[in-house]
file my_file.txt (compact mmCIF, C-alpha atoms)
# COMPACT_ATOMS: atom_id res chain seq x y z
CA MET A 1 0.00 0.00 0.00
CA LYS A 2 1.42 3.35 -1.08
CA LEU A 3 0.39 5.06 2.15
CA PHE A 4 2.66 2.87 4.28
CA SER A 5 5.53 2.81 1.81
CA SER A 6 8.79 4.52 2.86
CA ASP A 7 9.22 6.06 -0.63
CA TYR A 8 6.04 8.07 -0.21
CA TRP A 9 7.07 9.90 2.99
CA ALA A 10 10.21 11.97 3.59
CA PRO A 11 11.85 11.34 7.01
CA SER A 12 11.32 15.03 7.89
CA GLU A 13 7.57 14.60 7.35
CA LEU A 14 7.47 11.49 9.53
CA ILE A 15 9.41 13.30 12.25
CA LEU A 16 7.02 16.27 12.07
CA ILE A 17 4.02 13.95 12.41
CA GLY A 18 5.62 12.29 15.45
CA THR A 19 6.53 15.62 17.03
CA PHE A 20 3.06 17.10 16.53
CA THR A 21 1.31 13.98 17.79
CA GLY A 22 3.37 14.29 20.98
CA LEU A 23 2.73 18.02 21.19
CA ILE A 24 -1.04 17.56 20.86
CA LYS A 25 -1.06 14.83 23.51
CA ILE A 26 1.07 16.79 25.99
CA SER A 27 -0.63 20.17 25.55
CA THR A 28 -4.17 18.77 25.82
CA MET A 29 -3.23 16.67 28.85
CA LEU A 30 -1.59 19.68 30.45
CA ILE A 31 -4.63 21.92 29.94
CA ALA A 32 -6.97 19.18 31.23
CA LEU A 33 -4.82 18.70 34.35
CA ALA A 34 -4.49 22.45 34.94
CA GLY A 35 -8.27 22.79 34.68
CA GLY A 36 -8.80 20.15 37.37
CA GLY A 37 -11.26 17.55 36.08
CA MET A 38 -14.72 18.44 34.81
CA ASN A 39 -13.99 22.06 33.93
CA PRO A 40 -16.04 23.11 30.86
CA VAL A 41 -13.66 25.98 29.98
CA THR A 42 -10.62 23.71 29.83
CA LEU A 43 -12.67 21.04 28.03
CA VAL A 44 -13.39 23.53 25.24
CA LEU A 45 -9.87 24.98 25.36
CA LYS A 46 -8.05 21.65 25.03
CA ASN A 47 -10.12 20.71 22.00
CA THR A 48 -9.53 24.14 20.48
CA VAL A 49 -5.77 23.75 20.93
CA ALA A 50 -5.75 20.16 19.57
CA THR A 51 -7.64 21.16 16.42
CA SER A 52 -5.47 24.25 15.88
CA LEU A 53 -2.31 22.13 16.10
CA LEU A 54 -3.79 19.53 13.75
CA ILE A 55 -4.49 22.29 11.22
CA ILE A 56 -0.84 23.40 11.43
CA LEU A 57 0.28 19.81 10.85
CA VAL A 58 -1.96 19.33 7.82
CA TYR A 59 -0.89 22.71 6.40
CA LYS A 60 2.76 21.71 6.82
CA ILE A 61 2.34 18.26 5.25
CA ARG A 62 -0.17 18.50 2.43
CA LYS A 63 -0.20 14.85 1.45
CA PHE A 64 -2.80 12.15 1.19
CA GLY A 65 -2.63 9.97 4.30
CA VAL A 66 -1.44 12.56 6.81
CA LEU A 67 -4.61 12.26 8.92
CA THR A 68 -4.53 8.45 8.69
CA LEU A 69 -0.91 8.32 9.80
CA PHE A 70 -1.57 10.86 12.56
CA SER A 71 -4.48 8.80 13.90
CA VAL A 72 -2.47 5.55 13.71
CA ILE A 73 0.47 7.04 15.67
CA SER A 74 -1.74 8.86 18.13
CA THR A 75 -3.89 5.85 18.98
CA LEU A 76 -0.99 3.39 19.02
CA VAL A 77 1.03 5.47 21.46
CA SER A 78 -2.10 6.24 23.50
CA LEU A 79 -2.73 2.55 23.80
CA LEU A 80 0.80 1.67 24.83
CA LEU A 81 1.62 4.67 26.98
CA MET A 82 -1.46 6.50 28.20
CA GLY A 83 -4.24 3.91 28.22
CA GLY A 84 -6.34 4.33 25.11
CA ASN A 85 -9.14 1.96 24.28
CA LEU A 86 -8.27 -0.66 21.67
CA MET A 87 -11.86 -0.81 20.40
CA SER A 88 -11.92 2.84 19.38
CA ILE A 89 -8.57 2.62 17.56
CA ALA A 90 -9.96 0.99 14.41
CA GLY A 91 -12.73 3.56 14.29
CA VAL A 92 -10.35 6.49 14.62
CA MET A 93 -8.08 5.08 11.90
CA ILE A 94 -11.05 4.65 9.56
CA SER A 95 -12.10 8.25 10.39
CA GLY A 96 -8.62 9.47 9.42
CA PHE A 97 -8.68 7.53 6.15
CA VAL A 98 -12.21 8.69 5.27
CA CYS A 99 -11.25 12.32 5.92
CA ASP A 100 -8.11 11.94 3.78
CA LEU A 101 -10.36 10.60 1.03
CA PHE A 102 -12.67 13.57 1.57
CA ILE A 103 -9.85 16.09 1.18
CA ALA A 104 -7.83 14.43 -1.59
CA PRO A 105 -9.95 14.54 -4.80
CA TRP A 106 -9.34 17.35 -7.32
CA ASN A 107 -6.13 18.47 -5.60
CA GLY A 108 -7.97 19.15 -2.33
CA PHE A 109 -4.78 19.35 -0.24
CA ALA A 110 -3.97 22.62 -2.04
CA LYS A 111 -7.34 24.13 -1.09
CA PRO A 112 -7.53 25.56 2.45
CA ILE A 113 -11.31 25.23 2.70
CA ARG A 114 -11.13 21.48 1.98
CA LEU A 115 -8.40 21.06 4.61
CA ILE A 116 -10.46 22.87 7.23
CA LEU A 117 -13.64 20.93 6.39
CA GLY A 118 -11.69 17.65 6.38
CA ILE A 119 -10.28 18.29 9.85
CA GLY A 120 -13.74 19.30 11.10
CA LEU A 121 -15.09 16.02 9.73
CA PHE A 122 -12.20 14.05 11.28
CA ASP A 123 -12.92 15.53 14.72
CA PHE A 124 -16.61 14.77 14.31
CA MET A 125 -16.12 11.19 13.13
CA SER A 126 -13.55 10.27 15.78
CA ARG A 127 -15.90 11.55 18.49
CA ALA A 128 -18.84 9.70 16.97
CA VAL A 129 -16.85 6.45 17.05
CA SER A 130 -15.94 6.95 20.73
CA LEU A 131 -19.57 7.72 21.56
CA GLY A 132 -20.68 4.63 19.66
CA TYR A 133 -18.48 2.48 21.91
CA SER A 134 -19.71 4.36 25.01
CA TYR A 135 -23.28 3.55 23.98
CA PHE A 136 -22.52 -0.19 24.30
CA LEU A 137 -20.57 0.37 27.51
CA TYR A 138 -23.42 2.22 29.26
CA GLN A 139 -26.28 0.45 27.49
CA GLU A 140 -28.19 -0.02 30.78
CA GLN A 141 -27.79 3.58 31.89
CA MET A 142 -28.73 5.93 29.09
CA GLY A 143 -28.50 8.85 31.52
CA MET A 144 -24.75 8.32 31.89
CA PHE A 145 -24.38 7.99 28.12
CA LEU A 146 -26.32 11.23 27.58
CA MET A 147 -24.03 12.99 30.07
CA GLY A 148 -21.12 11.79 27.93
CA VAL A 149 -22.85 13.08 24.80
CA VAL A 150 -23.20 16.53 26.38
CA MET A 151 -19.50 16.58 27.34
CA VAL A 152 -18.41 15.42 23.88
CA ALA A 153 -20.69 17.99 22.23
CA LEU A 154 -19.10 20.68 24.40
CA GLY A 155 -15.67 19.41 23.36
CA TYR A 156 -16.68 19.46 19.70
CA MET A 157 -17.67 23.13 20.09
CA GLY A 158 -14.05 23.63 21.08
CA CYS A 159 -12.96 21.82 17.91
CA LEU A 160 -15.11 24.14 15.79
CA MET A 161 -13.53 27.12 17.53
CA GLY A 162 -10.15 25.48 16.87
CA LEU A 163 -10.84 25.51 13.13
CA GLY A 164 -10.97 29.32 13.34
CA THR A 165 -7.98 29.74 15.66
CA GLY A 166 -6.02 27.23 13.56
CA ILE A 167 -6.37 29.51 10.54
CA ILE A 168 -5.08 32.44 12.64
CA PHE A 169 -2.15 30.26 13.81
CA VAL A 170 -1.34 29.30 10.23
CA LYS A 171 -1.42 32.95 9.11
CA GLU A 172 1.02 33.89 11.87
CA LEU A 173 3.33 30.96 11.10
CA ARG A 174 3.26 31.80 7.39
CA HIS A 175 4.15 35.39 8.31
CA ALA A 176 7.07 34.02 10.35
CA GLY A 177 8.15 31.87 7.41
CA ILE A 178 7.58 28.57 9.18
CA ILE A 179 4.79 27.48 6.81
CA ARG A 180 5.87 28.22 3.25
CA GLU A 181 3.00 26.99 1.07
CA MET B 1 17.27 14.84 26.72
CA PRO B 2 16.55 13.05 30.01
CA ALA B 3 15.83 9.37 29.70
CA LEU B 4 12.33 8.69 30.90
CA SER B 5 13.17 5.03 31.15
CA VAL B 6 15.53 5.62 34.05
CA SER B 7 12.84 6.27 36.64
CA ASN B 8 11.02 3.37 38.25
CA CYS B 9 13.01 0.77 36.33
CA SER B 10 14.02 -1.03 39.50
CA ASN B 11 10.45 -1.80 40.54
CA LEU B 12 9.19 -2.58 37.06
CA SER B 13 11.76 -4.83 35.51
CA SER B 14 10.70 -7.93 37.40
CA LYS B 15 6.95 -7.33 37.00
CA ASN B 16 6.56 -7.42 33.20
CA PHE B 17 6.36 -11.17 32.92
CA ILE B 18 3.75 -10.99 30.15
CA ASP B 19 4.73 -9.83 26.66
CA VAL B 20 3.27 -6.54 25.46
CA ARG B 21 1.55 -8.28 22.51
CA THR B 22 -0.24 -10.62 24.92
CA ARG B 23 -1.32 -7.64 27.01
CA MET B 24 -2.66 -5.96 23.84
CA LEU B 25 -4.59 -9.12 22.96
CA ILE B 26 -6.09 -9.36 26.46
CA CYS B 27 -7.07 -5.69 26.25
CA LEU B 28 -8.77 -6.30 22.89
CA VAL B 29 -10.59 -9.46 24.07
CA CYS B 30 -11.89 -7.78 27.22
CA SER B 31 -12.93 -4.50 25.57
CA THR B 32 -14.86 -6.46 22.91
CA GLY B 33 -16.33 -9.04 25.27
CA ILE B 34 -17.76 -6.65 27.87
CA ILE B 35 -20.09 -5.12 25.28
CA PHE B 36 -21.95 -8.42 24.96
CA ILE B 37 -22.00 -9.46 28.63
CA GLN B 38 -25.06 -8.17 30.44
CA SER B 39 -25.24 -10.24 33.61
CA PRO B 40 -23.81 -8.56 36.75
CA PRO B 41 -22.32 -11.80 38.23
CA ALA B 42 -20.46 -12.56 34.98
CA LEU B 43 -19.13 -9.01 34.79
CA GLY B 44 -18.22 -9.22 38.50
CA ILE B 45 -16.14 -12.37 37.96
CA LEU B 46 -14.41 -10.78 34.99
CA ALA B 47 -13.74 -7.61 37.03
CA LEU B 48 -12.22 -9.70 39.82
CA ALA B 49 -10.03 -11.64 37.37
CA SER B 50 -8.91 -8.39 35.73
CA LEU B 51 -8.05 -6.98 39.17
CA VAL B 52 -5.82 -10.00 39.92
CA TYR B 53 -4.20 -9.54 36.48
CA ALA B 54 -3.60 -5.81 37.12
CA LEU B 55 -2.25 -6.43 40.65
CA ALA B 56 0.23 -8.95 39.23
CA HIS B 57 1.89 -6.07 37.37
CA GLY B 58 2.70 -4.20 40.60
CA ARG B 59 2.31 -0.42 41.05
CA ILE B 60 -0.47 -0.95 43.56
CA LYS B 61 -0.53 2.74 44.59
CA VAL B 62 -1.32 3.92 41.05
CA LEU B 63 -3.94 1.21 40.66
CA THR B 64 -5.54 2.25 43.97
CA VAL B 65 -5.72 5.86 42.74
CA ALA B 66 -7.36 4.70 39.49
CA TRP B 67 -9.88 2.59 41.41
CA CYS B 68 -10.61 5.51 43.77
CA GLY B 69 -11.25 7.73 40.72
CA VAL B 70 -13.69 5.20 39.26
CA GLY B 71 -15.30 4.84 42.70
CA ILE B 72 -15.83 8.59 43.02
CA ILE B 73 -17.40 8.77 39.53
CA PHE B 74 -19.63 5.80 40.41
CA ALA B 75 -20.68 7.42 43.70
CA MET B 76 -21.55 10.64 41.85
CA ALA B 77 -23.55 8.66 39.27
CA MET B 78 -25.39 6.83 42.09
CA CYS B 79 -26.28 10.16 43.73
CA CYS B 80 -27.67 11.39 40.39
CA ILE B 81 -29.67 8.15 39.98
CA ARG B 82 -31.08 8.50 43.53
CA ILE B 83 -32.29 11.98 42.60
CA MET B 84 -33.70 10.64 39.30
CA LEU B 85 -35.55 7.88 41.23
CA ILE B 86 -37.57 10.54 43.03
CA PHE B 87 -38.91 11.88 39.73
CA TRP B 88 -38.94 8.60 37.69
CA PRO B 89 -39.52 5.63 40.01
CA GLU B 90 -39.67 3.32 36.93
CA ILE B 91 -35.86 3.37 36.81
CA GLY B 92 -35.75 1.30 40.01
CA GLU B 93 -37.66 -1.53 38.33
CA MET B 94 -34.83 -2.22 35.87
CA GLY B 95 -32.89 -4.40 38.37
CA PRO B 96 -29.34 -4.27 39.77
CA GLY B 97 -27.74 -4.74 36.33
CA ALA B 98 -28.77 -1.27 35.27
CA PHE B 99 -26.83 0.21 38.19
CA PHE B 100 -23.76 -2.02 38.41
CA ASN B 101 -23.04 -3.11 34.82
CA PRO B 102 -21.61 0.22 33.52
CA PHE B 103 -19.41 0.48 36.63
CA LEU B 104 -18.12 -3.10 36.31
CA ARG B 105 -17.38 -2.62 32.60
CA VAL B 106 -15.34 0.52 33.33
CA LEU B 107 -13.42 -1.34 36.06
CA ILE B 108 -12.53 -4.17 33.66
CA LEU B 109 -11.32 -1.64 31.11
CA VAL B 110 -9.30 0.28 33.72
CA ASN B 111 -7.59 -2.92 34.92
CA THR B 112 -6.64 -4.24 31.47
CA ILE B 113 -5.51 -0.82 30.21
CA PHE B 114 -3.52 -0.31 33.43
CA ALA B 115 -1.66 -3.57 32.87
CA LEU B 116 -0.85 -2.51 29.32
CA ALA B 117 -0.03 1.17 29.69
CA VAL B 118 1.07 2.11 33.19
CA SER B 119 3.26 -0.88 33.94
CA SER B 120 5.43 -0.59 30.79
CA ARG B 121 8.83 1.11 30.70
CA ILE B 122 9.62 3.45 27.80
CA GLN B 123 12.46 1.20 26.67
CA ASP B 124 10.11 -1.82 26.73
CA LEU B 125 7.67 0.09 24.56
CA MET B 126 10.39 0.99 22.08
CA THR B 127 11.46 -2.66 21.91
CA SER B 128 7.87 -3.83 21.57
CA LEU B 129 7.32 -1.33 18.74
CA LYS B 130 10.21 -3.03 16.94
CA THR B 131 9.06 -6.57 17.69
CA LEU B 132 5.54 -5.79 16.49
CA GLY B 133 7.02 -5.64 12.99
CA LEU B 134 5.52 -2.24 12.22
CA PRO B 135 6.45 -0.50 8.96
CA PHE B 136 9.10 2.23 9.06
CA VAL B 137 6.48 4.95 8.45
CA ILE B 138 4.76 4.03 11.72
CA TYR B 139 7.83 3.12 13.75
CA LEU B 140 9.71 6.41 13.13
CA PRO B 141 6.95 8.88 14.18
CA ALA B 142 5.92 6.65 17.10
CA SER B 143 9.47 6.47 18.45
CA VAL B 144 9.96 10.23 17.86
CA MET B 145 6.79 10.90 19.82
CA ILE B 146 7.73 8.62 22.73
CA ARG B 147 11.28 9.98 22.88
CA PHE B 148 10.10 13.60 22.68
CA ILE B 149 7.66 13.46 25.57
CA PRO B 150 10.36 14.22 28.23
CA GLU B 151 11.61 17.07 26.00
CA PHE B 152 8.10 18.56 25.86
CA ILE B 153 7.70 18.23 29.60
CA ASN B 154 10.97 20.14 30.07
CA ASP B 155 9.76 22.83 27.63
CA VAL B 156 6.53 23.16 29.59
CA LYS B 157 8.52 23.61 32.83
CA LEU B 158 10.61 26.36 31.20
CA ILE B 159 7.56 28.17 29.82
CA ARG B 160 5.82 27.87 33.19
CA GLU B 161 8.81 29.49 34.89
CA SER B 162 8.79 32.32 32.33
CA MET B 163 5.04 32.82 32.98
CA ARG B 164 5.73 33.06 36.71
CA ILE B 165 8.47 35.65 36.06
CA LYS B 166 5.90 37.68 34.08
CA GLY B 167 3.57 37.57 37.10
CA PHE B 168 1.09 34.89 35.96
CA ASN B 169 0.28 31.89 38.12
CA PRO B 170 -0.72 29.01 35.81
CA GLY B 171 -3.26 27.25 38.04
CA ILE B 172 -6.95 26.29 37.80
CA GLN B 173 -8.10 29.90 38.33
CA PHE B 174 -5.81 31.31 35.64
CA VAL B 175 -6.67 28.61 33.08
CA THR B 176 -10.41 29.01 33.68
CA LEU B 177 -10.53 32.80 33.70
CA HIS B 178 -7.94 33.54 30.98
CA PRO B 179 -8.07 30.79 28.35
CA PHE B 180 -6.80 33.11 25.59
CA LEU B 181 -3.76 34.03 27.66
CA VAL B 182 -3.05 30.31 28.12
CA VAL B 183 -2.96 29.89 24.35
CA ARG B 184 -0.77 32.97 23.91
CA LEU B 185 1.66 32.32 26.75
CA LEU B 186 1.81 28.52 26.80
CA VAL B 187 0.62 26.91 23.57
CA VAL B 188 2.23 29.29 21.06
CA PRO B 189 5.79 29.06 22.54
CA LEU B 190 5.37 25.29 22.88
CA THR B 191 4.35 25.01 19.22
CA ILE B 192 7.30 27.11 18.03
CA ARG B 193 9.70 25.01 20.12
CA ALA B 194 8.17 21.80 18.74
CA LEU B 195 8.57 23.04 15.17
CA ARG B 196 12.21 23.91 15.86
CA SER B 197 12.83 20.53 17.49
CA ALA B 198 11.25 18.78 14.48
CA ASP B 199 13.49 20.78 12.11
CA THR B 200 16.62 19.93 14.13
CA LEU B 201 15.71 16.27 14.23
CA SER B 202 14.96 16.23 10.49
CA VAL B 203 18.39 17.69 9.73
CA ALA B 204 19.98 15.11 12.05
CA ALA B 205 18.08 12.32 10.28
CA GLU B 206 19.20 13.55 6.87
CA LEU B 207 22.81 13.89 8.02
CA LYS B 208 22.61 10.35 9.35
CA GLY B 209 21.59 9.23 5.87
CA MET B 210 18.09 8.20 6.84
CA ASP B 211 15.89 8.17 3.75
CA ALA B 212 13.38 6.08 1.87
CA ASN B 213 15.96 3.36 1.25
CA THR B 214 16.85 2.94 4.92
CA ARG B 215 16.34 -0.64 5.99
CA MET B 216 14.82 -1.13 9.40
CA THR B 217 16.53 -3.54 11.75
CA LYS B 218 13.91 -6.01 12.84
CA MET B 219 14.17 -7.37 16.36
CA PRO B 220 13.50 -11.08 16.69
CA SER B 221 10.04 -11.61 18.13
CA PRO B 222 10.24 -13.44 21.46
CA LYS B 223 8.28 -16.67 21.66
CA PRO B 224 5.24 -16.61 23.97
CA GLY B 225 6.14 -17.90 27.42
CA ALA B 226 4.08 -19.96 29.85
CA TRP B 227 2.60 -16.88 31.51
CA ASP B 228 1.55 -15.46 28.12
CA ILE B 229 -0.33 -18.67 27.27
CA ILE B 230 -1.96 -18.90 30.72
CA ALA B 231 -3.06 -15.25 30.73
CA THR B 232 -4.46 -15.41 27.18
CA ALA B 233 -6.28 -18.67 27.87
CA CYS B 234 -7.80 -17.28 31.08
CA ALA B 235 -8.95 -14.09 29.31
CA LEU B 236 -10.49 -16.03 26.41
CA VAL B 237 -12.18 -18.65 28.62
CA LEU B 238 -13.60 -16.09 31.06
CA THR B 239 -14.83 -13.64 28.42
CA PHE B 240 -16.27 -16.05 25.87
CA GLY B 241 -17.40 -18.47 28.60
CA SER B 242 -19.44 -15.66 30.18
CA ILE B 243 -21.00 -14.76 26.84
CA ALA B 244 -21.81 -18.42 26.07
CA ALA B 245 -23.21 -19.06 29.56
CA GLU B 246 -25.41 -16.00 29.27
CA LYS B 247 -26.80 -17.13 25.91
CA LEU B 248 -27.35 -20.75 26.99
CA LEU B 249 -28.83 -20.20 30.48
call {"tool": "encode", "arguments": {"input": "my_file.txt", "output": "structure tokens"}}
result
Amino acid sequence: MKLFSSDYWAPSELILIGTFTGLIKISTMLIALAGGGMNPVTLVLKNTVATSLLIILVYKIRKFGVLTLFSVISTLVSLLLMGGNLMSIAGVMISGFVCDLFIAPWNGFAKPIRLILGIGLFDFMSRAVSLGYSYFLYQEQMGMFLMGVVMVALGYMGCLMGLGTGIIFVKELRHAGIIRE
Amino acid sequence: MPALSVSNCSNLSSKNFIDVRTRMLICLVCSTGIIFIQSPPALGILALASLVYALAHGRIKVLTVAWCGVGIIFAMAMCCIRIMLIFWPEIGEMGPGAFFNPFLRVLILVNTIFALAVSSRIQDLMTSLKTLGLPFVIYLPASVMIRFIPEFINDVKLIRESMRIKGFNPGIQFVTLHPFLVVRLLVVPLTIRALRSADTLSVAAELKGMDANTRMTKMPSPKPGAWDIIATACALVLTFGSIAAEKLL
């Protein structure tokens, strides 16, 4: 498969994906810890930051498969290091691949609007997969599941805000010469 | 860069008697199986077995904290249900499964994930990444990410100090009341530092001659030991046995 072939990716791109996956994990964890548990402000903020950083990553590496590879690395390391759920991994990887397919046609990686919409869709789909698993987990207590839905919806509002702040981030980084395209 | 693997290695080295691939398999079997099990006794037995499995990996303090966290969440949920019972007494007619099953499922997940994630050393994870036979495009970013976590933590400490010098105290109050300042003072410098680190590492990789033609050294996969077979068999028998018993009885 071309996506997992070494010829397709430059080492610098792979390193950037690894670095940004780590950065997203650490910064979101840090904000969540600083907020102290069920804090709605930090819940929105951490999702805003994660989406903004993901936008920077996709702007830096405009290639088919970047979201798939990001989700593979993120979930694999989450599973081994931070305690992610193995059941949601397949769903997140499929979300990444579907969103890459959404962006790619007709040179979509060169079009900012397609990138932004693709990342918005990726955030939505990965959350939907997690909620789908939670539905089975709390099948006897729909109240607990609905509480989860409210929290995830609040987090997704943060992601939507992150789409806007991500564009601002990218503009600043382009001004600084860090993003060249 | 400080080696994260140095800490706690003395109390972990003897505890990882089960291979990481076996632990991943147990995690997968349990997280799939608990969806289909609906009887509280079956889930209780599985929770007990998963507790024994988690305790065998040591780090009892961390496990106790995790259990306390789940306990607090469960107590809060119970309080909410008690309040709901006043308004909708029909909820009480659903039986004990409706109250205990979600809690037991979360406990099983916490135990299996604990055994996989918390009890592994960084160096073990790096080795297991190699033995899993992953392609280079997954191995390189994953190892960069794992190796960069201590670097990021150091960066955060530095930025926190600089925030303190500027007169900001980055605590719960500050994060809640000034989220935009958090982005400006913490996230932006962290992002710039990460981009610089990635650039430096990319140059180092190119100077080292790492490119598309680089062949990855594959570590020989260790054969499953007796404990791997016993643990996998127990997980499979308990999970699928519970599902079968539930369907038959």
call {"tool": "closest_residue", "arguments": {"input": "my_file.txt", "among": "A:Gly65, A:Thr51, A:Asn39, A:Met29", "to": "Leu14 in chain A", "atoms": "only C-alpha atoms"}}
result
A:Gly65
call {"tool": "residues_around", "arguments": {"input": "my_file.txt", "residues": "Leu23 in chain A", "least_positions_apart": "6", "cutoff": "9 Å", "atoms": "all atoms listed in the file", "output": "list in words"}}
result
Ala50 and Leu53 of chain A; Met145, Phe148, Ile149, Phe152, Leu190, Thr191 and Ala194 of chain B
call {"tool": "closest_residue", "arguments": {"input": "my_file.txt", "among": "A:Asn107, A:Thr165, A:Ser95, A:Ser71", "to": "Val129 in chain A", "atoms": "only C-alpha atoms"}}
result
A:Ser95
call {"tool": "closest_atom_pairs", "arguments": {"input": "my_file.txt", "of": "chain B", "to": "chain A", "cutoff": "6 Å", "atoms": "all atoms listed in the file", "output": "CSV"}}
result
residue,atom,partner,partner_atom,distance
B:Leu28,CA,A:Leu86,CA,5.8
B:Ile35,CA,A:Phe136,CA,5.6
B:Ala98,CA,A:Glu140,CA,4.7
B:Pro102,CA,A:Tyr138,CA,5.0
B:Ile113,CA,A:Gly83,CA,5.3
B:Ala117,CA,A:Leu81,CA,4.7
B:Pro141,CA,A:Gly18,CA,3.9
B:Ala142,CA,A:Ile73,CA,5.6
B:Val144,CA,A:Gly18,CA,5.4
B:Met145,CA,A:Gly18,CA,4.7
B:Gly171,CA,A:Ala34,CA,5.8
B:Ile172,CA,A:Gly35,CA,4.9
B:Thr176,CA,A:Val41,CA,5.8
B:Ala198,CA,A:Leu16,CA,5.5
B:Ser202,CA,A:Ser12,CA,4.6
B:Ala212,CA,A:Asp7,CA,4.9
call {"tool": "write_last_selection", "arguments": {"input": "my_file.txt", "atoms": "C-alpha atoms", "output": "compact mmCIF listing (two decimals), in the frame of the given file"}}
result
# COMPACT_ATOMS: atom_id res chain seq x y z
CA LEU B 28 -8.77 -6.30 22.89
CA ILE B 35 -20.09 -5.12 25.28
CA ALA B 98 -28.77 -1.27 35.27
CA PRO B 102 -21.61 0.22 33.52
CA ILE B 113 -5.51 -0.82 30.21
CA ALA B 117 -0.03 1.17 29.69
CA PRO B 141 6.95 8.88 14.18
CA ALA B 142 5.92 6.65 17.10
CA VAL B 144 9.96 10.23 17.86
CA MET B 145 6.79 10.90 19.82
CA GLY B 171 -3.26 27.25 38.04
CA ILE B 172 -6.95 26.29 37.80
CA THR B 176 -10.41 29.01 33.68
CA ALA B 198 11.25 18.78 14.48
CA SER B 202 14.96 16.23 10.49
CA ALA B 212 13.38 6.08 1.87
call {"tool": "atom_distance", "arguments": {"input": "my_file.txt", "atom1": "CA of Ile94 in chain A", "atom2": "CA of Ser128 in chain B"}}
result
24.0 Å
call {"tool": "decode", "arguments": {"input": "my_file.txt", "residues": "range 168-211 of chain B", "atoms": "C-alpha atoms", "output": "mmCIF file, in the first residue's frame"}}
result
data_model
loop_
_atom_site.group_PDB
_atom_site.id
_atom_site.type_symbol
_atom_site.label_atom_id
_atom_site.label_comp_id
_atom_site.auth_asym_id
_atom_site.auth_seq_id
_atom_site.Cartn_x
_atom_site.Cartn_y
_atom_site.Cartn_z
ATOM 1 C CA PHE B 168 1.086 34.890 35.958
ATOM 2 C CA ASN B 169 0.281 31.890 38.116
ATOM 3 C CA PRO B 170 -0.724 29.011 35.807
ATOM 4 C CA GLY B 171 -3.264 27.246 38.041
ATOM 5 C CA ILE B 172 -6.952 26.293 37.800
ATOM 6 C CA GLN B 173 -8.103 29.895 38.332
ATOM 7 C CA PHE B 174 -5.811 31.310 35.638
ATOM 8 C CA VAL B 175 -6.672 28.606 33.078
ATOM 9 C CA THR B 176 -10.415 29.008 33.683
ATOM 10 C CA LEU B 177 -10.534 32.804 33.698
ATOM 11 C CA HIS B 178 -7.943 33.538 30.984
ATOM 12 C CA PRO B 179 -8.066 30.786 28.346
ATOM 13 C CA PHE B 180 -6.804 33.105 25.591
ATOM 14 C CA LEU B 181 -3.761 34.034 27.659
ATOM 15 C CA VAL B 182 -3.049 30.314 28.119
ATOM 16 C CA VAL B 183 -2.962 29.888 24.348
ATOM 17 C CA ARG B 184 -0.773 32.967 23.910
ATOM 18 C CA LEU B 185 1.660 32.315 26.750
ATOM 19 C CA LEU B 186 1.814 28.521 26.804
ATOM 20 C CA VAL B 187 0.618 26.906 23.572
ATOM 21 C CA VAL B 188 2.234 29.291 21.063
ATOM 22 C CA PRO B 189 5.787 29.058 22.545
ATOM 23 C CA LEU B 190 5.366 25.291 22.883
ATOM 24 C CA THR B 191 4.352 25.010 19.219
ATOM 25 C CA ILE B 192 7.297 27.113 18.029
ATOM 26 C CA ARG B 193 9.697 25.012 20.122
ATOM 27 C CA ALA B 194 8.166 21.798 18.745
ATOM 28 C CA LEU B 195 8.573 23.038 15.165
ATOM 29 C CA ARG B 196 12.205 23.910 15.858
ATOM 30 C CA SER B 197 12.826 20.526 17.487
ATOM 31 C CA ALA B 198 11.253 18.776 14.482
ATOM 32 C CA ASP B 199 13.489 20.785 12.114
ATOM 33 C CA THR B 200 16.623 19.934 14.129
ATOM 34 C CA LEU B 201 15.709 16.270 14.232
ATOM 35 C CA SER B 202 14.959 16.233 10.493
ATOM 36 C CA VAL B 203 18.386 17.694 9.734
ATOM 37 C CA ALA B 204 19.981 15.115 12.045
ATOM 38 C CA ALA B 205 18.075 12.323 10.282
ATOM 39 C CA GLU B 206 19.201 13.552 6.869
ATOM 40 C CA LEU B 207 22.814 13.889 8.025
ATOM 41 C CA LYS B 208 22.613 10.352 9.345
ATOM 42 C CA GLY B 209 21.591 9.230 5.866
ATOM 43 C CA MET B 210 18.089 8.205 6.837
ATOM 44 C CA ASP B 211 15.892 8.169 3.753
#
